[in-house]
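Structure file query-v4.cif (mmCIF, C-alpha atoms, pLDDT in the B column; chains and numbers go by the auth columns) is printed below.
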data_run
loop_
_atom_site.group_PDB
_atom_site.id
_atom_site.type_symbol
_atom_site.label_atom_id
_atom_site.label_comp_id
_atom_site.label_asym_id
_atom_site.label_seq_id
_atom_site.Cartn_x
_atom_site.Cartn_y
_atom_site.Cartn_z
_atom_site.B_iso_or_equiv
_atom_site.auth_seq_id
_atom_site.auth_asym_id
ATOM 1 C CA MET A 1 0.000 0.000 0.000 41.00 1 A
ATOM 2 C CA THR A 2 1.237 3.470 -0.822 57.00 2 A
ATOM 3 C CA ASP A 3 2.232 5.740 2.037 64.00 3 A
ATOM 4 C CA PRO A 4 -0.723 7.982 3.058 68.00 4 A
ATOM 5 C CA GLN A 5 1.454 11.082 2.661 72.00 5 A
ATOM 6 C CA GLU A 6 2.240 10.024 -0.914 66.00 6 A
ATOM 7 C CA VAL A 7 -1.465 9.560 -1.628 67.00 7 A
ATOM 8 C CA ALA A 8 -2.220 13.012 -0.175 69.00 8 A
ATOM 9 C CA ARG A 9 0.570 14.547 -2.281 67.00 9 A
ATOM 10 C CA ILE A 10 -0.724 12.896 -5.470 65.00 10 A
ATOM 11 C CA LEU A 11 -4.268 14.066 -4.725 66.00 11 A
ATOM 12 C CA GLU A 12 -3.033 17.597 -4.099 67.00 12 A
ATOM 13 C CA GLU A 13 -0.849 17.728 -7.225 61.00 13 A
ATOM 14 C CA THR A 14 -3.088 15.923 -9.675 54.00 14 A
ATOM 15 C CA LEU A 15 -6.594 16.529 -8.417 57.00 15 A
ATOM 16 C CA GLY A 16 -6.364 19.818 -6.569 57.00 16 A
ATOM 17 C CA GLY A 17 -6.531 18.158 -3.147 56.00 17 A
ATOM 18 C CA THR A 18 -10.199 17.237 -3.130 54.00 18 A
ATOM 19 C CA GLY A 19 -10.568 15.658 -6.527 57.00 19 A
ATOM 20 C CA GLY A 20 -11.922 18.749 -8.207 68.00 20 A
ATOM 21 C CA ALA A 21 -15.349 20.322 -8.517 82.00 21 A
ATOM 22 C CA LEU A 22 -16.966 17.382 -10.358 88.00 22 A
ATOM 23 C CA VAL A 23 -15.773 14.842 -7.794 88.00 23 A
ATOM 24 C CA GLU A 24 -17.187 17.023 -5.012 87.00 24 A
ATOM 25 C CA ARG A 25 -20.467 17.583 -6.870 92.00 25 A
ATOM 26 C CA MET A 26 -20.894 13.834 -7.430 95.00 26 A
ATOM 27 C CA GLY A 27 -20.167 13.065 -3.762 94.00 27 A
ATOM 28 C CA ILE A 28 -17.321 10.669 -4.561 93.00 28 A
ATOM 29 C CA GLU A 29 -15.358 9.497 -1.514 91.00 29 A
ATOM 30 C CA LEU A 30 -11.944 7.855 -1.820 91.00 30 A
ATOM 31 C CA THR A 31 -11.699 4.844 0.525 91.00 31 A
ATOM 32 C CA GLY A 32 -8.318 3.391 -0.427 90.00 32 A
ATOM 33 C CA ALA A 33 -5.501 4.085 -2.840 90.00 33 A
ATOM 34 C CA SER A 34 -2.361 2.424 -4.130 91.00 34 A
ATOM 35 C CA PRO A 35 -0.896 2.221 -7.636 94.00 35 A
ATOM 36 C CA GLU A 36 -2.351 -1.296 -7.962 97.00 36 A
ATOM 37 C CA ARG A 37 -5.851 -0.724 -6.531 97.00 37 A
ATOM 38 C CA VAL A 38 -8.050 2.291 -5.794 96.00 38 A
ATOM 39 C CA THR A 39 -11.437 2.125 -4.076 96.00 39 A
ATOM 40 C CA GLY A 40 -14.171 4.676 -3.625 95.00 40 A
ATOM 41 C CA ARG A 41 -17.906 5.151 -3.320 96.00 41 A
ATOM 42 C CA MET A 42 -20.572 7.483 -4.617 98.00 42 A
ATOM 43 C CA PRO A 43 -24.205 8.126 -3.645 98.00 43 A
ATOM 44 C CA VAL A 44 -26.912 7.285 -6.146 98.00 44 A
ATOM 45 C CA GLU A 45 -29.059 10.175 -4.932 98.00 45 A
ATOM 46 C CA GLY A 46 -28.220 13.303 -6.905 97.00 46 A
ATOM 47 C CA ASN A 47 -26.540 11.271 -9.657 98.00 47 A
ATOM 48 C CA THR A 48 -29.624 9.930 -11.413 98.00 48 A
ATOM 49 C CA GLN A 49 -31.208 10.234 -14.846 97.00 49 A
ATOM 50 C CA PRO A 50 -34.874 11.267 -15.333 96.00 50 A
ATOM 51 C CA TYR A 51 -36.205 7.799 -14.399 96.00 51 A
ATOM 52 C CA GLY A 52 -34.570 7.944 -10.955 97.00 52 A
ATOM 53 C CA LEU A 53 -31.841 5.441 -11.831 98.00 53 A
ATOM 54 C CA LEU A 54 -28.090 5.929 -11.483 98.00 54 A
ATOM 55 C CA HIS A 55 -26.933 7.814 -14.580 98.00 55 A
ATOM 56 C CA GLY A 56 -24.485 5.871 -16.737 98.00 56 A
ATOM 57 C CA GLY A 57 -22.340 8.987 -17.030 98.00 57 A
ATOM 58 C CA ALA A 58 -22.089 9.110 -13.233 98.00 58 A
ATOM 59 C CA SER A 59 -20.698 5.569 -13.277 98.00 59 A
ATOM 60 C CA CYS A 60 -18.140 6.726 -15.854 98.00 60 A
ATOM 61 C CA VAL A 61 -17.146 9.675 -13.655 97.00 61 A
ATOM 62 C CA LEU A 62 -16.582 7.328 -10.699 97.00 62 A
ATOM 63 C CA ALA A 63 -14.614 4.899 -12.891 98.00 63 A
ATOM 64 C CA GLU A 64 -12.424 7.595 -14.435 97.00 64 A
ATOM 65 C CA THR A 65 -11.774 9.216 -11.075 94.00 65 A
ATOM 66 C CA LEU A 66 -10.604 5.978 -9.445 96.00 66 A
ATOM 67 C CA GLY A 67 -8.576 4.815 -12.447 97.00 67 A
ATOM 68 C CA SER A 68 -6.941 8.218 -12.867 94.00 68 A
ATOM 69 C CA ILE A 69 -5.893 8.292 -9.228 93.00 69 A
ATOM 70 C CA GLY A 70 -4.326 4.852 -9.612 95.00 70 A
ATOM 71 C CA ALA A 71 -2.537 5.920 -12.794 96.00 71 A
ATOM 72 C CA ALA A 72 -1.239 9.086 -11.110 92.00 72 A
ATOM 73 C CA LEU A 73 0.083 7.026 -8.206 92.00 73 A
ATOM 74 C CA HIS A 74 1.687 4.597 -10.668 95.00 74 A
ATOM 75 C CA ALA A 75 3.236 7.460 -12.665 94.00 75 A
ATOM 76 C CA GLY A 76 4.886 8.906 -9.562 90.00 76 A
ATOM 77 C CA GLN A 77 6.263 12.269 -8.609 86.00 77 A
ATOM 78 C CA GLY A 78 6.834 14.774 -11.405 88.00 78 A
ATOM 79 C CA ARG A 79 4.502 12.929 -13.797 91.00 79 A
ATOM 80 C CA VAL A 80 0.820 13.245 -14.662 90.00 80 A
ATOM 81 C CA ALA A 81 -1.855 10.831 -15.855 94.00 81 A
ATOM 82 C CA VAL A 82 -4.282 11.916 -18.561 95.00 82 A
ATOM 83 C CA GLY A 83 -7.255 9.746 -19.522 96.00 83 A
ATOM 84 C CA ILE A 84 -7.247 8.857 -23.218 98.00 84 A
ATOM 85 C CA GLU A 85 -9.927 6.154 -23.418 98.00 85 A
ATOM 86 C CA ILE A 86 -12.795 4.899 -21.274 98.00 86 A
ATOM 87 C CA SER A 87 -15.421 2.254 -21.945 98.00 87 A
ATOM 88 C CA ALA A 88 -18.318 1.132 -19.784 98.00 88 A
ATOM 89 C CA THR A 89 -20.911 -1.600 -19.842 98.00 89 A
ATOM 90 C CA HIS A 90 -23.929 -0.990 -17.608 98.00 90 A
ATOM 91 C CA HIS A 91 -25.298 -4.263 -16.240 98.00 91 A
ATOM 92 C CA ARG A 92 -28.102 -3.323 -13.863 98.00 92 A
ATOM 93 C CA ALA A 93 -30.058 -0.364 -12.582 98.00 93 A
ATOM 94 C CA VAL A 94 -29.610 1.178 -9.134 98.00 94 A
ATOM 95 C CA SER A 95 -32.089 3.628 -7.642 98.00 95 A
ATOM 96 C CA SER A 96 -30.858 4.225 -4.080 98.00 96 A
ATOM 97 C CA GLY A 97 -27.953 3.896 -1.686 98.00 97 A
ATOM 98 C CA HIS A 98 -24.321 4.027 -2.728 98.00 98 A
ATOM 99 C CA VAL A 99 -22.255 2.318 -5.381 98.00 99 A
ATOM 100 C CA THR A 100 -18.682 1.208 -4.760 98.00 100 A
ATOM 101 C CA GLY A 101 -15.913 1.221 -7.340 98.00 101 A
ATOM 102 C CA VAL A 102 -12.714 -0.812 -7.364 98.00 102 A
ATOM 103 C CA ALA A 103 -10.064 0.111 -9.926 98.00 103 A
ATOM 104 C CA THR A 104 -7.462 -2.604 -10.483 98.00 104 A
ATOM 105 C CA ARG A 105 -4.352 -2.019 -12.573 98.00 105 A
ATOM 106 C CA VAL A 106 -4.044 -4.399 -15.516 98.00 106 A
ATOM 107 C CA HIS A 107 -1.075 -2.683 -17.170 98.00 107 A
ATOM 108 C CA GLY A 108 1.414 -0.216 -15.768 98.00 108 A
ATOM 109 C CA GLY A 109 4.095 0.931 -18.143 98.00 109 A
ATOM 110 C CA ARG A 110 6.172 4.089 -18.437 97.00 110 A
ATOM 111 C CA SER A 111 3.852 5.811 -20.929 98.00 111 A
ATOM 112 C CA VAL A 112 0.479 4.054 -20.473 98.00 112 A
ATOM 113 C CA ALA A 113 -1.500 2.632 -17.556 98.00 113 A
ATOM 114 C CA THR A 114 -4.764 0.709 -17.861 98.00 114 A
ATOM 115 C CA TYR A 115 -7.273 -0.034 -15.096 98.00 115 A
ATOM 116 C CA GLU A 116 -10.372 -2.205 -14.933 98.00 116 A
ATOM 117 C CA ILE A 117 -13.047 -0.716 -12.718 98.00 117 A
ATOM 118 C CA GLU A 118 -15.837 -2.782 -11.196 98.00 118 A
ATOM 119 C CA ILE A 119 -18.789 -0.846 -9.784 99.00 119 A
ATOM 120 C CA THR A 120 -21.176 -2.676 -7.468 98.00 120 A
ATOM 121 C CA ASP A 121 -24.326 -1.867 -5.529 98.00 121 A
ATOM 122 C CA GLU A 122 -24.737 -2.230 -1.764 98.00 122 A
ATOM 123 C CA ARG A 123 -25.612 -5.923 -2.206 98.00 123 A
ATOM 124 C CA GLY A 124 -22.342 -6.569 -4.046 98.00 124 A
ATOM 125 C CA ARG A 125 -24.013 -6.971 -7.441 98.00 125 A
ATOM 126 C CA ARG A 126 -22.097 -5.661 -10.443 98.00 126 A
ATOM 127 C CA VAL A 127 -23.643 -2.481 -11.812 98.00 127 A
ATOM 128 C CA CYS A 128 -20.971 -1.476 -14.320 98.00 128 A
ATOM 129 C CA SER A 129 -17.741 -2.809 -15.817 98.00 129 A
ATOM 130 C CA SER A 130 -15.378 -0.131 -17.061 98.00 130 A
ATOM 131 C CA ARG A 131 -11.879 0.096 -18.500 98.00 131 A
ATOM 132 C CA LEU A 132 -9.723 3.236 -18.448 98.00 132 A
ATOM 133 C CA THR A 133 -6.433 3.883 -20.213 98.00 133 A
ATOM 134 C CA CYS A 134 -4.302 6.858 -19.176 98.00 134 A
ATOM 135 C CA MET A 135 -1.289 8.338 -20.908 98.00 135 A
ATOM 136 C CA LEU A 136 1.541 9.086 -18.470 98.00 136 A
ATOM 137 C CA ARG A 137 3.624 12.190 -19.124 96.00 137 A
ATOM 138 C CA ASP A 138 6.205 14.321 -17.428 96.00 138 A
ATOM 139 C CA ALA A 139 4.584 17.241 -15.631 88.00 139 A
#

Do you think you could lay out the structure here as structure tokens?
Amino acid sequence: MTDPQEVARILEETLGGTGGALVERMGIELTGASPERVTGRMPVEGNTQPYGLLHGGASCVLAETLGSIGAALHAGQGRVAVGIEISATHHRAVSSGHVTGVATRVHGGRSVATYEIEITDERGRRVCSSRLTCMLRDA
């Protein structure tokens, strides 16, 4: 696991300390972070589409946030991670509670990092499967 001070530094440098305005607006909470695995959660309430279901774009925001944090931690000091591709498959609807995301690194190179992100509901059922690729560059 990455040192908590290193995680705080990465969040401050790459995400403005709190994750940025969108992360705050969505209510995303980071629950764990290392270059190999990042976890977080997000409320369904306030992140729904007109039918009262979790918006697919909200799932993508959670996935990209978690994967980008992992890629930034993998990239290390003096480097940045920039998302270049995201895909998502939405498996089931959620209308209340929180969803939890787990981003797991599947490739970590010098110039590219790829994460698979599994989003589940409070019963542990898969809501969304996502994949994020980030380009890693010098700051």

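Omitting Arg92 of chain A and its sequence neighbours fewer than 5 positions away, and counting all atoms listed in the file, the residues within 9 Å are Arg125, Arg126, Val127 and Cys128 of chain A.
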
- Which residue, A:Glu29, A:Glu64, A:Glu45, A:Glu24, has the smallest gap to Ser95 of chain A when you use all atoms listed in the file?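 With all atoms listed in the file as the atom set, the closest residue is A:Glu45.
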
- Query: So what does the PyMOL selection byres ((chain A and resi 26) around 8) actually pick up in this one, as a list in words?
  - Reply: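 When the PyMOL selection byres ((chain A and resi 26) around 8) is applied, the selected residues are Leu22, Val23, Glu24, Arg25, Gly27, Ile28, Met42, Pro43, Gly46, Asn47 and Ala58 of chain A.
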
- Query: So which one's closest to Pro35 of chain A, A:His98, A:Arg137, A:Arg79, A:His74? Using only C-alpha atoms, please.
  - Reply: A:His74

- Message: With distances taken over only C-alpha atoms, which residue among A:Leu73, A:Ile119, A:Val112, A:Ala139 lies nearest Gly40 of chain A?
- Response: A:Ile119

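Rounded to one decimal, atom CA of Thr120 of chain A and atom CA of Met135 of chain A lie 26.4 Å from each other.
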
- Among the residues A:Gly124, A:Gly32, A:Gly97, A:Gly57, the one that comes closest to Val44 of chain A [using all atoms listed in the file]: A:Gly97

May I have the residues at most 9 Å from (0.1, 12.2, -13.6) in the file's coordinates, counting only C-alpha atoms, as a tab-separated table (two decimals) with C-alpha atoms, in the frame of the given file?
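Just written: part-v4.tsv:
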chain	number	residue	atom	x	y	z
A	10	ILE	CA	-0.72	12.90	-5.47
A	13	GLU	CA	-0.85	17.73	-7.22
A	14	THR	CA	-3.09	15.92	-9.68
A	68	SER	CA	-6.94	8.22	-12.87
A	69	ILE	CA	-5.89	8.29	-9.23
A	71	ALA	CA	-2.54	5.92	-12.79
A	72	ALA	CA	-1.24	9.09	-11.11
A	73	LEU	CA	0.08	7.03	-8.21
A	74	HIS	CA	1.69	4.60	-10.67
A	75	ALA	CA	3.24	7.46	-12.66
A	76	GLY	CA	4.89	8.91	-9.56
A	77	GLN	CA	6.26	12.27	-8.61
A	78	GLY	CA	6.83	14.77	-11.40
A	79	ARG	CA	4.50	12.93	-13.80
A	80	VAL	CA	0.82	13.24	-14.66
A	81	ALA	CA	-1.86	10.83	-15.86
A	82	VAL	CA	-4.28	11.92	-18.56
A	134	CYS	CA	-4.30	6.86	-19.18
A	135	MET	CA	-1.29	8.34	-20.91
A	136	LEU	CA	1.54	9.09	-18.47
A	137	ARG	CA	3.62	12.19	-19.12
A	138	ASP	CA	6.20	14.32	-17.43
A	139	ALA	CA	4.58	17.24	-15.63
